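> Structure provided below as structure tokens; questions to follow.
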Amino acid sequence: MMGIAPRLSVRPIWRPTASHIRASLTAVVLALVAVLARRADLLVLASPVAIIGAWSMVTRPPGPPEVTARLADPALREGEATTWRATVTDAGGIDTLVAVMPHASWIVARPVSRVVSTHVDADADTADLALALRSTRWGRHEVPHVTIVASSAWGAFVWSDRTSVLSLISLPLPNTFDSSAAIRRTSGLVGLDRSSRAGDGTDFAGIRAFQSGDRMRRINWPRSMRAGSLHVTSTWADQDTLVVLEVDATDDIGISGGVDGRASSLDSAVRAAGAIAEHHVQRGDRVTLRVFGSSSARTVPAASGRNQLRRILDELSGVRGGSDPSGFRTRGHLLAPADSLLILFSPLVSVAPLDRAVALARRGVAVVVVDTLPEHVTDDEDPLTTLAWRIRLLERNREVRRAEELGVAVVAWRGPGSLDQFLRDVSRRASAPRMATR
Amino acid sequence: MSTAQELLDEVRATQGQRWMLALASVIAPALGCVAIGAASGQPSAAVTSLVALLAFGSSLRPDSHVGALVMVAVVWYWLARVDDPATAWSIAVAMSLLVFHTTTALMAVTSRSGVLGREILGPWLWRTVVVAVGTIATWALVVVLDRRHAAGNALLTLGAVVALGGATLVGRARSMPRP
């Protein structure tokens with residue numbers, strides 16, 4: 001898909017430059033003085049500018065060109081590059097084309113000067129200008145207005161226009177994530193995990209007497225021969241898991257250095273959520289996403305498949321920290337099914353996310369909180385700020401301990417295997433009797 | 001951001017190629033003044049410095065009309081000091097004006113932080129050589145006419161003025177902004 005910018009409504013025109021005015025006036029005045037004062041030597045001095053002036057007028061461009069700007073790939077992963085390209089048509093008479101792109105947040109351009117220029121042959125009708133762009137952070141970025149300046153021979157006439165703003169969606173680059181622990185929570189009948197129900201799966205459950213409806217290929221002939229009656233090999237059904245991803249975007253703690261630098265709390269949350277979503281989608285699980293504190297992100301309903309991953313990454317790229325002041329209050333009523341796996345990503349600088357996690361855990365939901373607070377948050381030149389952070393972190397540790405006592409697992413994000421211990425605990429608890437508030 | 005900071009950022013972003021163009025646009029008219037001083041035998045450091053100063057101002061803002069002042073100053077200096085219409089020094093001065101105008105025009109239509117490739121510099125250089133050859137041809141024509149020592153002709157002068165006026169009107173019409 002190509003994002004094509006529409007033209008601006010007011011059509012700019014070719015205008016003479018100071019250079020052309022200087023050349024023309026100097027030539028005329030010198031020639032006049034040379035004739036009237038009988039100073040032929042002034043004709044020699046006037047010659048360069050007279051020739052240039054005449055040349056400029058003869059090669060004046062016939063009409064204004066058309067500019068179309070586009071991005072080769074308007075949606076990419078953070079750290080990946082695309083090409084901004086402007087095509088100038090009706091380029092007759094253009095000698096030099098220059099494009100100047102202003103600075104834009106989280107977009108790095110090559111060349112670094114953000115200026116590209118090219119010469120247009122006299123017989124060419126179209127010309128191209130290209131800039132390589134690299135997104136250095138996830139998010140919905142804007143490629144700003146690019147000023148295009150066309151000039152005729154000798155820089156005598158210029159035409160200038162600005163392209164429209166183009167949107168560049170930079171999907172989060174998920175951290176590497178993998179989990180070797182099995183999940184045994186839901187009662188679904190599709191997916192890769194072992195269901196709590198017997199069914200048409202692959203995991204061996206036992207051998208039982210033949211019942212009406214059993215498939216012939218399930219008959220265990222050795223056992224049937226010994227017992228004298230038909231017996232079948234029963235299996236556990238394969239299940240999927242409903243994974244609920246909740247991102248705390250009420251604030252963005254720490255300084256983001258983009259994909260190549262340090263990660264802020266929201267960077268870690270978005271990338272970790274993307275990684276876990278990718279992992280579970282590939283396993284065939286259903287994944288849903290909820291974002292708190294960001295006005296631009298919507299809830300993504302539960303579904304599975306590659307398109308669902310794209311939807312989740314797309315919504316994650318639209319997260320803007322602190323843009324929704326109501327935070328957890330707006331969507332705090334959203335519940336999760338008791339057999340789902342809820343993963344909450346939060347820096348835990350406020351008690352609201354932990355309160356929500358505890359409330360859900362009391363309803364029987366398996367909740368794990370991924371702590372996304374960056375380590376560099378206490379590195380501040382101001383000693384008072386550092387002290388305030390130390391005090392807050394002590395309080396935070398106490399809040400986390402209390403939440404853990406109430407059955408909420410809090411883990412730090414470490415990439416692959418971060419959730420393994422928690423998932424094994426969930427699997428063990430699933431086989432034990434439990435009491436839940438309904 | 002302060003104006004001084006903006007200026008500093010602008011200087012930092014300026015490419016070496018741009019500095020070379022600016023240097024050429026300052027040196028060329030100054031050398032023209034030196035040539036006028038050599039032609040007349042009366043060099044003037046004050047005028048040369050003034051022209052260089054104006055050229056420096058023009059190099060800072062090549063899209064302004066300061067460049068016209070540079071040309072006026074050089075021509076005025078020539079008129080005031082040199083009386084020989086066939087002197088070869090006029091070629092040197094014309095070349096200095098050509099280099100000044102060309103470098104200033106090139107700087108005016110390009111960005112100071114951008115690098116100009118050979119595909120841009122090549123045609124500009126080629127065109128400059130063509131104009132230089134045309135200037136030398138004009139000088140040769142002037143020398144030939146000067147050696148004939150022809151008497152003045154009012155009708156011819158009037159015709160030249162009228163032709164010049166017509167050319168000016170045509171040039172103006174072709175230079176006006178139009179869509």
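Residues are referred to by chain and number: the chain letter is A, B, ... according to the order shown in the structure tokens, the number counts from 1 in that chain, and ligands are numbered separately from 1 in the order shown.
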As a list in words, could you give me every residue of chain A near chain B (at most 6 Å apart, counting only C-alpha atoms)?
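The selection requested is Ile13, Trp14, Arg15, Ala18, Ser19, Arg22, Ala40, Asp41, Val44, Leu45, Ser47, Pro48, Ser113, Val115, His119 and Gly155 of chain A.
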> Limited to N, CA, C and O atoms, could you put the picked residues into a file as a PDB file, in the first residue's frame?

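Contents of part_22.pdb, as written:
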```pdb
ATOM      1  N   ILE A  13       3.619  29.355  -8.349  1.00  0.00           N
ATOM      2  CA  ILE A  13       4.001  29.728  -9.718  1.00  0.00           C
ATOM      3  C   ILE A  13       5.505  29.964  -9.790  1.00  0.00           C
ATOM      4  O   ILE A  13       6.176  30.090  -8.764  1.00  0.00           O
ATOM      5  N   TRP A  14       6.000  30.009 -11.000  1.00  0.00           N
ATOM      6  CA  TRP A  14       7.410  30.318 -11.220  1.00  0.00           C
ATOM      7  C   TRP A  14       7.641  31.812 -10.986  1.00  0.00           C
ATOM      8  O   TRP A  14       6.901  32.641 -11.479  1.00  0.00           O
ATOM      9  N   ARG A  15       8.688  32.115 -10.223  1.00  0.00           N
ATOM     10  CA  ARG A  15       9.001  33.514  -9.921  1.00  0.00           C
ATOM     11  C   ARG A  15      10.458  33.804 -10.270  1.00  0.00           C
ATOM     12  O   ARG A  15      11.316  32.947 -10.077  1.00  0.00           O
ATOM     13  N   ALA A  18      16.340  36.853  -7.391  1.00  0.00           N
ATOM     14  CA  ALA A  18      17.205  38.032  -7.275  1.00  0.00           C
ATOM     15  C   ALA A  18      18.355  37.929  -8.275  1.00  0.00           C
ATOM     16  O   ALA A  18      18.808  38.956  -8.816  1.00  0.00           O
ATOM     17  N   SER A  19      18.810  36.718  -8.532  1.00  0.00           N
ATOM     18  CA  SER A  19      19.917  36.528  -9.480  1.00  0.00           C
ATOM     19  C   SER A  19      19.501  36.974 -10.883  1.00  0.00           C
ATOM     20  O   SER A  19      20.273  37.638 -11.590  1.00  0.00           O
ATOM     21  N   ARG A  22      19.142  40.706 -11.001  1.00  0.00           N
ATOM     22  CA  ARG A  22      20.481  41.320 -10.990  1.00  0.00           C
ATOM     23  C   ARG A  22      21.122  41.239 -12.373  1.00  0.00           C
ATOM     24  O   ARG A  22      21.644  42.236 -12.895  1.00  0.00           O
ATOM     25  N   ALA A  40      32.579  51.137 -25.237  1.00  0.00           N
ATOM     26  CA  ALA A  40      32.389  49.759 -25.709  1.00  0.00           C
ATOM     27  C   ALA A  40      32.910  48.737 -24.710  1.00  0.00           C
ATOM     28  O   ALA A  40      32.464  47.588 -24.687  1.00  0.00           O
ATOM     29  N   ASP A  41      33.870  49.155 -23.870  1.00  0.00           N
ATOM     30  CA  ASP A  41      34.416  48.215 -22.878  1.00  0.00           C
ATOM     31  C   ASP A  41      33.349  47.749 -21.891  1.00  0.00           C
ATOM     32  O   ASP A  41      33.424  46.649 -21.342  1.00  0.00           O
ATOM     33  N   VAL A  44      31.782  44.515 -22.749  1.00  0.00           N
ATOM     34  CA  VAL A  44      32.505  43.313 -22.316  1.00  0.00           C
ATOM     35  C   VAL A  44      32.091  42.955 -20.891  1.00  0.00           C
ATOM     36  O   VAL A  44      31.835  41.789 -20.572  1.00  0.00           O
ATOM     37  N   LEU A  45      32.007  43.975 -20.039  1.00  0.00           N
ATOM     38  CA  LEU A  45      31.593  43.708 -18.652  1.00  0.00           C
ATOM     39  C   LEU A  45      30.135  43.225 -18.600  1.00  0.00           C
ATOM     40  O   LEU A  45      29.769  42.427 -17.737  1.00  0.00           O
ATOM     41  N   SER A  47      28.650  41.544 -20.942  1.00  0.00           N
ATOM     42  CA  SER A  47      28.449  40.297 -21.697  1.00  0.00           C
ATOM     43  C   SER A  47      28.023  39.112 -20.834  1.00  0.00           C
ATOM     44  O   SER A  47      27.031  38.436 -21.164  1.00  0.00           O
ATOM     45  N   PRO A  48      28.743  38.771 -19.748  1.00  0.00           N
ATOM     46  CA  PRO A  48      28.343  37.584 -18.981  1.00  0.00           C
ATOM     47  C   PRO A  48      26.898  37.646 -18.504  1.00  0.00           C
ATOM     48  O   PRO A  48      26.120  36.700 -18.712  1.00  0.00           O
ATOM     49  N   SER A 113      21.597  15.451   6.483  1.00  0.00           N
ATOM     50  CA  SER A 113      21.209  16.861   6.299  1.00  0.00           C
ATOM     51  C   SER A 113      19.735  16.990   5.928  1.00  0.00           C
ATOM     52  O   SER A 113      19.183  18.084   5.993  1.00  0.00           O
ATOM     53  N   VAL A 115      18.528  16.896   3.121  1.00  0.00           N
ATOM     54  CA  VAL A 115      18.446  17.664   1.880  1.00  0.00           C
ATOM     55  C   VAL A 115      18.888  16.761   0.735  1.00  0.00           C
ATOM     56  O   VAL A 115      19.951  16.151   0.811  1.00  0.00           O
ATOM     57  N   HIS A 119      19.826  16.991 -10.599  1.00  0.00           N
ATOM     58  CA  HIS A 119      19.766  17.754 -11.850  1.00  0.00           C
ATOM     59  C   HIS A 119      18.746  17.088 -12.762  1.00  0.00           C
ATOM     60  O   HIS A 119      18.666  15.860 -12.818  1.00  0.00           O
ATOM     61  N   GLY A 155      19.492  29.380 -12.213  1.00  0.00           N
ATOM     62  CA  GLY A 155      18.750  29.764 -11.005  1.00  0.00           C
ATOM     63  C   GLY A 155      17.924  31.016 -11.219  1.00  0.00           C
ATOM     64  O   GLY A 155      17.708  31.792 -10.285  1.00  0.00           O
TER      65      GLY A 155
END
```
> What parts of segment 66-148 of chain B does DSSP call helix (DSSP H, G or I)? I'd like the answer as a ChimeraX atom specification.
/B:66-81,89-109,118-148
